>>> print(open('protein-v2.cif').read())   # mmCIF, C-alpha atoms and all ligand atoms
data_protein
#
loop_
_atom_site.label_atom_id
_atom_site.label_comp_id
_atom_site.auth_asym_id
_atom_site.auth_seq_id
_atom_site.Cartn_x
_atom_site.Cartn_y
_atom_site.Cartn_z
CA MET G 1 100.59 260.79 54.39
CA THR G 2 98.29 260.65 51.39
CA THR G 3 94.87 262.25 51.46
CA PRO G 4 92.09 259.64 51.54
CA ALA G 5 89.93 259.44 48.39
CA THR G 6 86.90 260.56 50.39
CA LEU G 7 86.61 261.85 53.94
CA PRO G 8 84.53 259.52 56.11
CA THR G 9 81.48 261.66 56.76
CA GLU G 10 81.19 260.43 60.36
CA ASN G 11 84.52 262.16 61.23
CA LEU G 12 83.30 265.62 60.23
CA PRO G 13 82.64 268.27 62.89
CA THR G 14 78.98 268.52 63.98
CA GLY G 15 76.96 270.73 61.67
CA LYS G 16 79.38 270.48 58.76
CA LEU G 17 77.40 267.84 56.90
CA ILE G 18 74.07 268.83 55.34
CA ASP G 19 72.14 265.58 55.63
CA GLY G 20 69.74 265.53 52.69
CA LYS G 21 68.66 261.97 53.41
CA ALA G 22 67.42 262.88 56.90
CA PHE G 23 65.83 266.14 55.71
CA ALA G 24 64.03 264.29 52.89
CA ALA G 25 62.65 261.72 55.37
CA THR G 26 61.24 264.53 57.54
CA LEU G 27 59.74 266.24 54.48
CA ARG G 28 58.09 262.98 53.34
CA ALA G 29 56.61 262.46 56.81
CA GLN G 30 55.06 265.97 56.66
CA ILE G 31 53.75 265.29 53.13
CA ALA G 32 52.07 262.08 54.39
CA VAL G 33 50.32 264.11 57.11
CA ASP G 34 49.18 266.70 54.53
CA VAL G 35 47.97 264.00 52.13
CA ALA G 36 45.84 262.46 54.90
CA ALA G 37 44.43 265.90 55.77
CA LEU G 38 43.56 266.58 52.11
CA LYS G 39 41.78 263.23 51.83
CA ALA G 40 39.81 263.99 54.99
CA SER G 41 38.87 267.56 54.01
CA HIS G 42 38.26 267.20 50.25
CA GLY G 43 37.96 263.43 49.64
CA VAL G 44 40.75 263.54 47.07
CA GLN G 45 43.90 261.41 46.88
CA PRO G 46 46.91 262.84 45.00
CA GLY G 47 47.89 260.62 42.04
CA LEU G 48 51.30 260.51 40.34
CA ALA G 49 51.95 258.87 36.96
CA VAL G 50 55.58 258.08 36.11
CA VAL G 51 56.48 257.10 32.56
CA LEU G 52 59.71 255.24 31.80
CA VAL G 53 60.77 254.61 28.21
CA GLY G 54 63.50 251.99 27.86
CA GLU G 55 65.59 249.99 30.31
CA ASP G 56 68.26 252.42 31.56
CA PRO G 57 69.34 250.75 34.85
CA ALA G 58 69.70 253.97 36.89
CA SER G 59 66.33 255.28 35.62
CA GLN G 60 64.68 251.98 36.59
CA ILE G 61 65.94 252.43 40.17
CA TYR G 62 64.80 256.08 40.35
CA VAL G 63 61.34 255.19 39.00
CA ARG G 64 60.99 252.30 41.46
CA ASN G 65 61.97 254.60 44.35
CA LYS G 66 59.52 257.27 43.18
CA ALA G 67 56.64 254.77 43.08
CA LYS G 68 57.53 253.29 46.48
CA GLN G 69 57.79 256.67 48.22
CA THR G 70 54.60 257.91 46.53
CA VAL G 71 52.64 255.02 48.03
CA GLU G 72 54.35 255.42 51.41
CA CYS G 73 53.06 259.02 51.51
CA GLY G 74 49.50 257.81 50.94
CA MET G 75 49.28 258.88 47.29
CA LYS G 76 48.20 256.84 44.28
CA SER G 77 51.11 255.72 42.07
CA VAL G 78 50.78 254.66 38.44
CA GLU G 79 53.79 253.40 36.47
CA HIS G 80 53.93 253.14 32.68
CA LYS G 81 56.95 251.19 31.44
CA LEU G 82 57.35 251.44 27.67
CA SER G 83 59.86 249.63 25.48
CA ALA G 84 62.91 251.56 24.21
CA ASP G 85 61.55 251.56 20.63
CA THR G 86 58.18 253.12 21.55
CA PRO G 87 57.27 255.66 18.82
CA GLU G 88 57.15 259.27 19.96
CA ALA G 89 53.51 259.46 18.84
CA ASP G 90 52.57 256.64 21.24
CA LEU G 91 54.23 258.45 24.14
CA LEU G 92 52.39 261.67 23.22
CA ALA G 93 49.10 259.73 23.11
CA LEU G 94 49.76 258.33 26.60
CA ILE G 95 50.45 261.84 27.91
CA ASP G 96 47.14 263.02 26.41
CA THR G 97 45.34 260.24 28.28
CA LEU G 98 47.07 261.11 31.56
CA ASN G 99 46.40 264.83 31.01
CA ALA G 100 42.68 264.02 30.84
CA ASP G 101 42.62 261.59 33.80
CA PRO G 102 41.07 263.32 36.86
CA THR G 103 42.70 260.85 39.28
CA ILE G 104 46.19 261.86 38.08
CA HIS G 105 47.49 265.18 39.44
CA GLY G 106 51.17 264.75 38.53
CA ILE G 107 52.81 263.39 35.39
CA LEU G 108 56.49 262.90 34.71
CA VAL G 109 58.50 261.24 31.99
CA GLN G 110 61.77 259.93 33.38
CA LEU G 111 64.81 261.45 31.63
CA PRO G 112 66.80 260.70 29.61
CA VAL G 113 64.44 259.38 26.90
CA PRO G 114 65.77 257.35 23.92
CA LYS G 115 67.38 259.40 21.14
CA HIS G 116 64.49 259.09 18.65
CA ILE G 117 62.20 260.92 21.10
CA ASP G 118 62.32 264.73 21.37
CA ALA G 119 62.36 265.40 25.13
CA ASP G 120 61.33 269.05 24.70
CA LYS G 121 58.25 268.03 22.69
CA ILE G 122 57.28 265.51 25.39
CA ILE G 123 57.73 268.02 28.20
CA ALA G 124 55.66 270.61 26.32
CA ALA G 125 52.81 268.06 25.90
CA ILE G 126 52.32 267.64 29.67
CA ARG G 127 49.61 269.89 31.13
CA PRO G 128 51.51 272.64 33.01
CA ASP G 129 49.35 272.17 36.13
CA LYS G 130 50.29 268.45 36.18
CA ASP G 131 53.97 269.04 35.31
CA VAL G 132 55.39 267.99 38.69
CA ASP G 133 58.94 268.03 37.27
CA GLY G 134 58.46 271.77 36.64
CA PHE G 135 60.15 271.46 33.23
CA HIS G 136 57.31 272.84 31.04
CA PRO G 137 58.15 276.25 29.48
CA MET G 138 55.04 277.68 31.20
CA ASN G 139 56.42 276.68 34.63
CA ALA G 140 59.91 277.95 33.71
CA GLY G 141 58.33 281.31 32.76
CA LEU G 142 56.24 281.46 35.93
CA LEU G 143 59.33 280.76 38.04
CA ALA G 144 61.29 283.49 36.25
CA THR G 145 58.49 286.02 36.71
CA GLY G 146 57.60 285.18 40.32
CA GLY G 147 54.32 283.38 39.53
CA LYS G 148 52.78 280.19 40.96
CA ALA G 149 55.09 277.72 39.22
CA LEU G 150 55.66 274.05 39.85
CA VAL G 151 59.41 274.25 40.54
CA PRO G 152 61.96 271.65 39.30
CA CYS G 153 62.57 269.16 42.09
CA THR G 154 66.37 269.15 42.36
CA PRO G 155 66.81 272.94 42.67
CA LEU G 156 63.79 273.10 44.97
CA GLY G 157 65.49 270.51 47.19
CA CYS G 158 68.77 272.49 47.16
CA SER G 159 66.91 275.67 48.10
CA LEU G 160 65.15 273.95 51.03
CA LEU G 161 68.48 272.58 52.31
CA LEU G 162 70.16 275.99 52.03
CA LYS G 163 67.33 277.83 53.80
CA ASP G 164 67.21 275.21 56.54
CA HIS G 165 70.95 275.49 57.08
CA LEU G 166 71.54 279.21 56.65
CA GLY G 167 68.16 280.76 57.40
CA ASP G 168 68.09 284.07 55.53
CA LEU G 169 70.02 283.89 52.23
CA SER G 170 69.57 287.58 51.48
CA GLY G 171 72.74 289.31 50.25
CA LYS G 172 74.75 286.09 49.93
CA HIS G 173 76.80 285.66 46.77
CA ALA G 174 75.82 282.34 45.18
CA VAL G 175 77.73 280.76 42.33
CA VAL G 176 75.78 278.13 40.39
CA ILE G 177 78.02 276.00 38.20
CA GLY G 178 75.92 274.69 35.30
CA ARG G 179 73.22 276.29 33.16
CA SER G 180 70.85 273.40 32.37
CA ASN G 181 67.09 274.02 32.16
CA ILE G 182 66.59 271.30 34.77
CA VAL G 183 69.00 272.46 37.49
CA GLY G 184 71.26 275.46 36.81
CA LYS G 185 68.76 278.00 35.46
CA PRO G 186 65.90 277.26 37.92
CA MET G 187 68.44 277.15 40.78
CA ALA G 188 69.59 280.64 39.84
CA GLN G 189 65.96 281.84 39.78
CA LEU G 190 65.25 280.37 43.24
CA LEU G 191 68.38 282.01 44.69
CA LEU G 192 67.36 285.35 43.13
CA GLN G 193 63.96 284.98 44.82
CA GLU G 194 65.87 284.71 48.11
CA SER G 195 67.69 287.98 47.28
CA CYS G 196 71.06 286.35 46.66
CA THR G 197 73.53 287.89 44.24
CA VAL G 198 73.76 285.10 41.66
CA THR G 199 76.52 284.20 39.24
CA VAL G 200 75.81 281.38 36.77
CA ALA G 201 79.09 279.82 35.66
CA HIS G 202 79.47 277.29 32.83
CA SER G 203 81.94 275.60 30.52
CA ARG G 204 83.00 278.91 28.89
CA THR G 205 83.47 280.77 32.19
CA LYS G 206 86.96 282.23 32.45
CA ASP G 207 88.93 281.27 35.57
CA LEU G 208 86.16 279.25 37.24
CA PRO G 209 88.21 278.64 40.43
CA ALA G 210 88.53 282.41 40.95
CA VAL G 211 84.79 282.91 40.34
CA CYS G 212 83.99 280.17 42.91
CA ARG G 213 86.34 281.72 45.48
CA GLU G 214 84.02 284.78 45.55
CA ALA G 215 81.03 282.67 46.61
CA ASP G 216 79.33 282.32 49.99
CA ILE G 217 77.27 279.52 48.42
CA VAL G 218 78.47 277.16 45.67
CA VAL G 219 75.94 274.95 43.87
CA ALA G 220 77.78 272.48 41.62
CA ALA G 221 75.60 271.03 38.86
CA VAL G 222 78.03 270.40 36.08
CA GLY G 223 78.13 266.60 35.70
CA ARG G 224 81.93 266.27 36.02
CA PRO G 225 83.20 263.98 38.78
CA GLU G 226 84.98 265.77 41.64
CA MET G 227 85.72 268.87 39.55
CA VAL G 228 85.33 271.49 42.30
CA LYS G 229 88.38 271.38 44.59
CA GLY G 230 88.85 272.69 48.10
CA ASP G 231 91.19 275.48 46.92
CA TRP G 232 88.35 276.81 44.71
CA LEU G 233 86.37 277.70 47.84
CA LYS G 234 86.29 280.73 50.10
CA PRO G 235 86.81 279.43 53.67
CA GLY G 236 83.38 279.01 55.26
CA ALA G 237 81.46 278.68 51.97
CA VAL G 238 78.37 276.44 51.93
CA VAL G 239 78.62 273.79 49.22
CA ILE G 240 75.68 272.03 47.58
CA ASP G 241 76.76 269.16 45.34
CA VAL G 242 74.14 268.19 42.74
CA GLY G 243 76.42 265.80 40.82
CA ILE G 244 75.73 262.08 40.64
CA ASN G 245 78.61 260.51 38.72
CA ARG G 246 79.35 256.79 38.73
CA ILE G 247 83.11 256.23 38.45
CA ALA G 248 85.03 252.99 37.94
CA LEU G 249 87.43 251.87 40.69
CA PRO G 250 90.72 250.01 40.06
CA ASP G 251 89.23 246.81 41.55
CA GLY G 252 86.56 246.77 38.82
CA LYS G 253 83.80 247.99 41.14
CA SER G 254 82.25 251.45 40.89
CA LYS G 255 81.14 254.21 43.23
CA VAL G 256 78.99 257.34 43.02
CA VAL G 257 80.73 260.69 43.51
CA GLY G 258 79.55 264.27 43.17
CA ASP G 259 80.84 267.23 41.17
CA VAL G 260 82.77 268.35 44.27
CA ASP G 261 85.98 266.75 45.53
CA PHE G 262 84.60 266.05 48.99
CA ALA G 263 87.98 265.23 50.58
CA SER G 264 89.54 268.60 49.75
CA ALA G 265 86.32 270.68 49.97
CA ALA G 266 84.95 269.52 53.34
CA PRO G 267 87.78 271.01 55.46
CA VAL G 268 87.38 274.42 53.77
CA ALA G 269 83.57 274.63 53.63
CA SER G 270 81.45 275.54 56.64
CA ALA G 271 78.89 272.99 55.43
CA ILE G 272 78.60 270.57 52.52
CA THR G 273 76.18 268.01 51.12
CA PRO G 274 77.54 264.50 50.69
CA VAL G 275 77.05 262.29 47.62
CA PRO G 276 75.24 260.00 48.05
CA GLY G 277 72.80 261.17 50.74
CA GLY G 278 72.68 264.88 49.97
CA VAL G 279 70.68 266.44 47.16
CA GLY G 280 69.59 263.13 45.52
CA PRO G 281 67.01 262.09 48.17
CA MET G 282 65.61 265.66 48.15
CA THR G 283 64.79 265.33 44.43
CA ILE G 284 62.24 262.59 45.07
CA ALA G 285 60.87 264.21 48.25
CA CYS G 286 60.27 267.44 46.29
CA LEU G 287 58.53 265.48 43.53
CA LEU G 288 56.05 264.25 46.15
CA LYS G 289 55.72 267.81 47.47
CA ASN G 290 54.94 269.05 43.95
CA THR G 291 52.37 266.27 43.44
CA LEU G 292 50.63 267.28 46.66
CA THR G 293 50.75 270.95 45.58
CA ALA G 294 49.26 270.08 42.15
CA CYS G 295 46.44 268.14 43.82
CA GLN G 296 45.75 270.91 46.36
CA ARG G 297 45.56 273.47 43.53
CA SER G 298 43.18 271.20 41.58
CA VAL G 299 40.63 271.55 44.42
CA GLY G 300 41.17 275.29 44.72
CA LEU G 301 43.53 275.34 47.70
N1 LIG W 401 61.94 263.38 34.79
C1 LIG W 401 63.07 263.48 35.53
N2 LIG W 401 64.15 262.80 35.13
C2 LIG W 401 65.30 262.92 35.87
C3 LIG W 401 65.34 263.71 37.05
C4 LIG W 401 64.18 264.42 37.41
O1 LIG W 401 64.14 265.17 38.42
N3 LIG W 401 63.06 264.27 36.64
N4 LIG W 401 66.48 263.71 37.85
C5 LIG W 401 67.52 262.72 37.63
C6 LIG W 401 67.29 261.38 38.26
N5 LIG W 401 66.61 261.37 39.56
C7 LIG W 401 65.25 261.49 39.57
O2 LIG W 401 64.59 261.29 38.61
C8 LIG W 401 67.30 261.07 40.76
C9 LIG W 401 68.67 260.91 40.78
C10 LIG W 401 69.33 260.54 41.95
C11 LIG W 401 68.63 260.34 43.13
C12 LIG W 401 69.31 259.87 44.38
O3 LIG W 401 68.69 259.78 45.41
N6 LIG W 401 70.59 259.51 44.30
C13 LIG W 401 71.31 258.92 45.40
C14 LIG W 401 72.48 258.10 44.85
C15 LIG W 401 72.01 257.10 43.83
C16 LIG W 401 73.07 256.11 43.40
O4 LIG W 401 73.78 255.57 44.24
O5 LIG W 401 73.12 255.86 42.18
C17 LIG W 401 71.87 260.00 46.31
O6 LIG W 401 72.28 261.05 45.80
O7 LIG W 401 71.92 259.74 47.52
C18 LIG W 401 67.27 260.50 43.12
C19 LIG W 401 66.62 260.86 41.95
C20 LIG W 401 67.68 262.48 36.12
N7 LIG W 401 66.41 262.23 35.50
#
>>> encode(input="protein-v2.cif", output="structure tokens", more="lines below")
Ligand SMILES: Nc1nc2c(c(=O)[nH]1)N[C@@H](CN(C=O)c1ccc(C(=O)N[C@@H](CCC(=O)O)C(=O)O)cc1)CN2
Amino acid sequence: MTTPATLPTENLPTGKLIDGKAFAATLRAQIAVDVAALKASHGVQPGLAVVLVGEDPASQIYVRNKAKQTVECGMKSVEHKLSADTPEADLLALIDTLNADPTIHGILVQLPVPKHIDADKIIAAIRPDKDVDGFHPMNAGLLATGGKALVPCTPLGCSLLLKDHLGDLSGKHAVVIGRSNIVGKPMAQLLLQESCTVTVAHSRTKDLPAVCREADIVVAAVGRPEMVKGDWLKPGAVVIDVGINRIALPDGKSKVVGDVDFASAAPVASAITPVPGGVGPMTIACLLKNTLTACQRSVGL
């Protein structure tokens, strides 16, 4: 009998699946309650500005979902959609305007940006206290030194899922595959804060399967479809799959898969996030959480 391409998630034993979609819905409901309380106590409504440059289809969907969920939580949402050939100087000018706008507490520029725009320069132009993506070097430094950072949304979401599932993470060996500024490095910092022993693996890591087999927790954020196989895992490991890879199917359609080969990994892991429905929904929920945090801090809370 051949192994199915993906295990149907509904056939997994209870507790094996870490349901990010459900967790994100609960988090958003709590954020809505906190937004209402902030309005009542301080007369302030959190405002999020999302800037999209160009027409990347996936980015358009993410931006639409961000705006919709922002409004559903009772916050103000402002969208700026700029053409793909927008000069970098115009984007910097827009960020200056948003930085100075007292009704806007969170600013993000959807990534990736077109090639003629320097993403690092754009990120550095956003006021650190409004940088709800947590990508500004000031926030990266605060996270690394244990300060009051705004934390990147995807790793924050992974950390919330892990703590909800495992409780205390202290002493666990976590292997993070990927060293990006957006996921891998901040993920490692968050796991260190929880007193994990952290290994950051990457494309030059020797014998990656053997490194993964040492891990109690594997966070895969490498951007390679279904790379992490079941025989890379220690039995009982908890697996967090950050990958969102669209792959073509023989019938001409496509589907989204993670960085983990779910079919072989799920039987070995004690718990695993699915793709879709795992980490992805947590990214947007944590963006709303960061926007609320930025607004609360702006009134001294
Ligand atoms: N400025 C930013 N740009 C980007 C970020 C980011 O955090 N800040 N992250 C990603 C895109 N992203 C949010 O922006 C994002 C990606 C995926 C999901 C999600 O819910 N995915 C679904 C599956 C979607 C599909 O079928 O295509 C899931 O995993 O269930 C939410 C947000 C890059 N850019």
>>> closest_residue(input="protein-v2.cif", among="G:Arg246, G:Lys81, G:Lys68, G:Lys289", to="ligand LIG 401 (chain W)", atoms="only C-alpha atoms and all ligand atoms")
G:Arg246
>>> atom_distance(input="protein-v2.cif", atom1="atom CA of Pro250 of chain G", atom2="atom CA of Gly277 of chain G")
23.7 Å
>>> closest_residue(input="protein-v2.cif", among="G:Pro112, G:Gly300, G:Pro87, G:Gly141", to="ligand LIG 401 (chain W)", atoms="all atoms listed in the file")
G:Pro112
>>> residues_near_point(input="protein-v2.cif", point="(66.9, 275.6, 42.4)", cutoff="8 Å", atoms="all atoms listed in the file", output="PyMOL selection string")
chain G and resi 151-159+183-191
>>> atom_distance(input="protein-v2.cif", atom1="atom CA of His136 of chain G", atom2="atom CA of Asp96 of chain G")
14.9 Å
>>> residues_near_ligand(input="protein-v2.cif", ligand="ligand LIG 401 (chain W)", cutoff="7 Å", atoms="all atoms listed in the file", output="list of chain:residue names")
G:Ala58, G:Ser59, G:Tyr62, G:Val63, G:Leu108, G:Val109, G:Gln110, G:Leu111, G:Pro112, G:Asp133, G:Pro152, G:Cys153, G:Thr154, G:Ile244, G:Val256, G:Val275, G:Pro276, G:Gly277, G:Gly278, G:Val279, G:Gly280, G:Pro281, G:Thr283, G:Ile284
>>> atom_distance(input="protein-v2.cif", atom1="atom CA of Glu79 of chain G", atom2="atom CA of Pro137 of chain G")
24.3 Å
>>> residues_around(input="protein-v2.cif", residues="Ser264 of chain G", least_positions_apart="6", cutoff="8 Å", atoms="all atoms listed in the file", output="NGL selection string")
:G and (229-231)
>>> residues_around(input="protein-v2.cif", residues="Asp241 of chain G", least_positions_apart="6", cutoff="8 Å", atoms="all atoms listed in the file", output="ChimeraX atom specification")
/G:219-221,258-260,272-275,278-279
>>> write_last_selection(input="protein-v2.cif", atoms="C-alpha atoms", output="PDB file, in the frame of the given file")
ATOM      1  CA  VAL G 219      75.940 274.950  43.870  1.00  0.00           C
ATOM      2  CA  ALA G 220      77.780 272.480  41.620  1.00  0.00           C
ATOM      3  CA  ALA G 221      75.600 271.030  38.860  1.00  0.00           C
ATOM      4  CA  GLY G 258      79.550 264.270  43.170  1.00  0.00           C
ATOM      5  CA  ASP G 259      80.840 267.230  41.170  1.00  0.00           C
ATOM      6  CA  VAL G 260      82.770 268.350  44.270  1.00  0.00           C
ATOM      7  CA  ILE G 272      78.600 270.570  52.520  1.00  0.00           C
ATOM      8  CA  THR G 273      76.180 268.010  51.120  1.00  0.00           C
ATOM      9  CA  PRO G 274      77.540 264.500  50.690  1.00  0.00           C
ATOM     10  CA  VAL G 275      77.050 262.290  47.620  1.00  0.00           C
ATOM     11  CA  GLY G 278      72.680 264.880  49.970  1.00  0.00           C
ATOM     12  CA  VAL G 279      70.680 266.440  47.160  1.00  0.00           C
TER      13      VAL G 279
END
>>> residues_around(input="protein-v2.cif", residues="Gln30 of chain G", least_positions_apart="3", cutoff="12 Å", atoms="only C-alpha atoms", output="VMD selection string")
chain G and resid 23 to 27 33 to 37 72 to 74 285 to 286 288 to 289 292
>>> residues_near_point(input="protein-v2.cif", point="(48.6, 270.0, 35.9)", cutoff="6 Å", atoms="only C-alpha atoms", output="PDB file with C-alpha atoms, keeping the file's coordinate frame")
ATOM      1  CA  ARG G 127      49.610 269.890  31.130  1.00  0.00           C
ATOM      2  CA  PRO G 128      51.510 272.640  33.010  1.00  0.00           C
ATOM      3  CA  ASP G 129      49.350 272.170  36.130  1.00  0.00           C
ATOM      4  CA  LYS G 130      50.290 268.450  36.180  1.00  0.00           C
ATOM      5  CA  ASP G 131      53.970 269.040  35.310  1.00  0.00           C
TER       6      ASP G 131
END
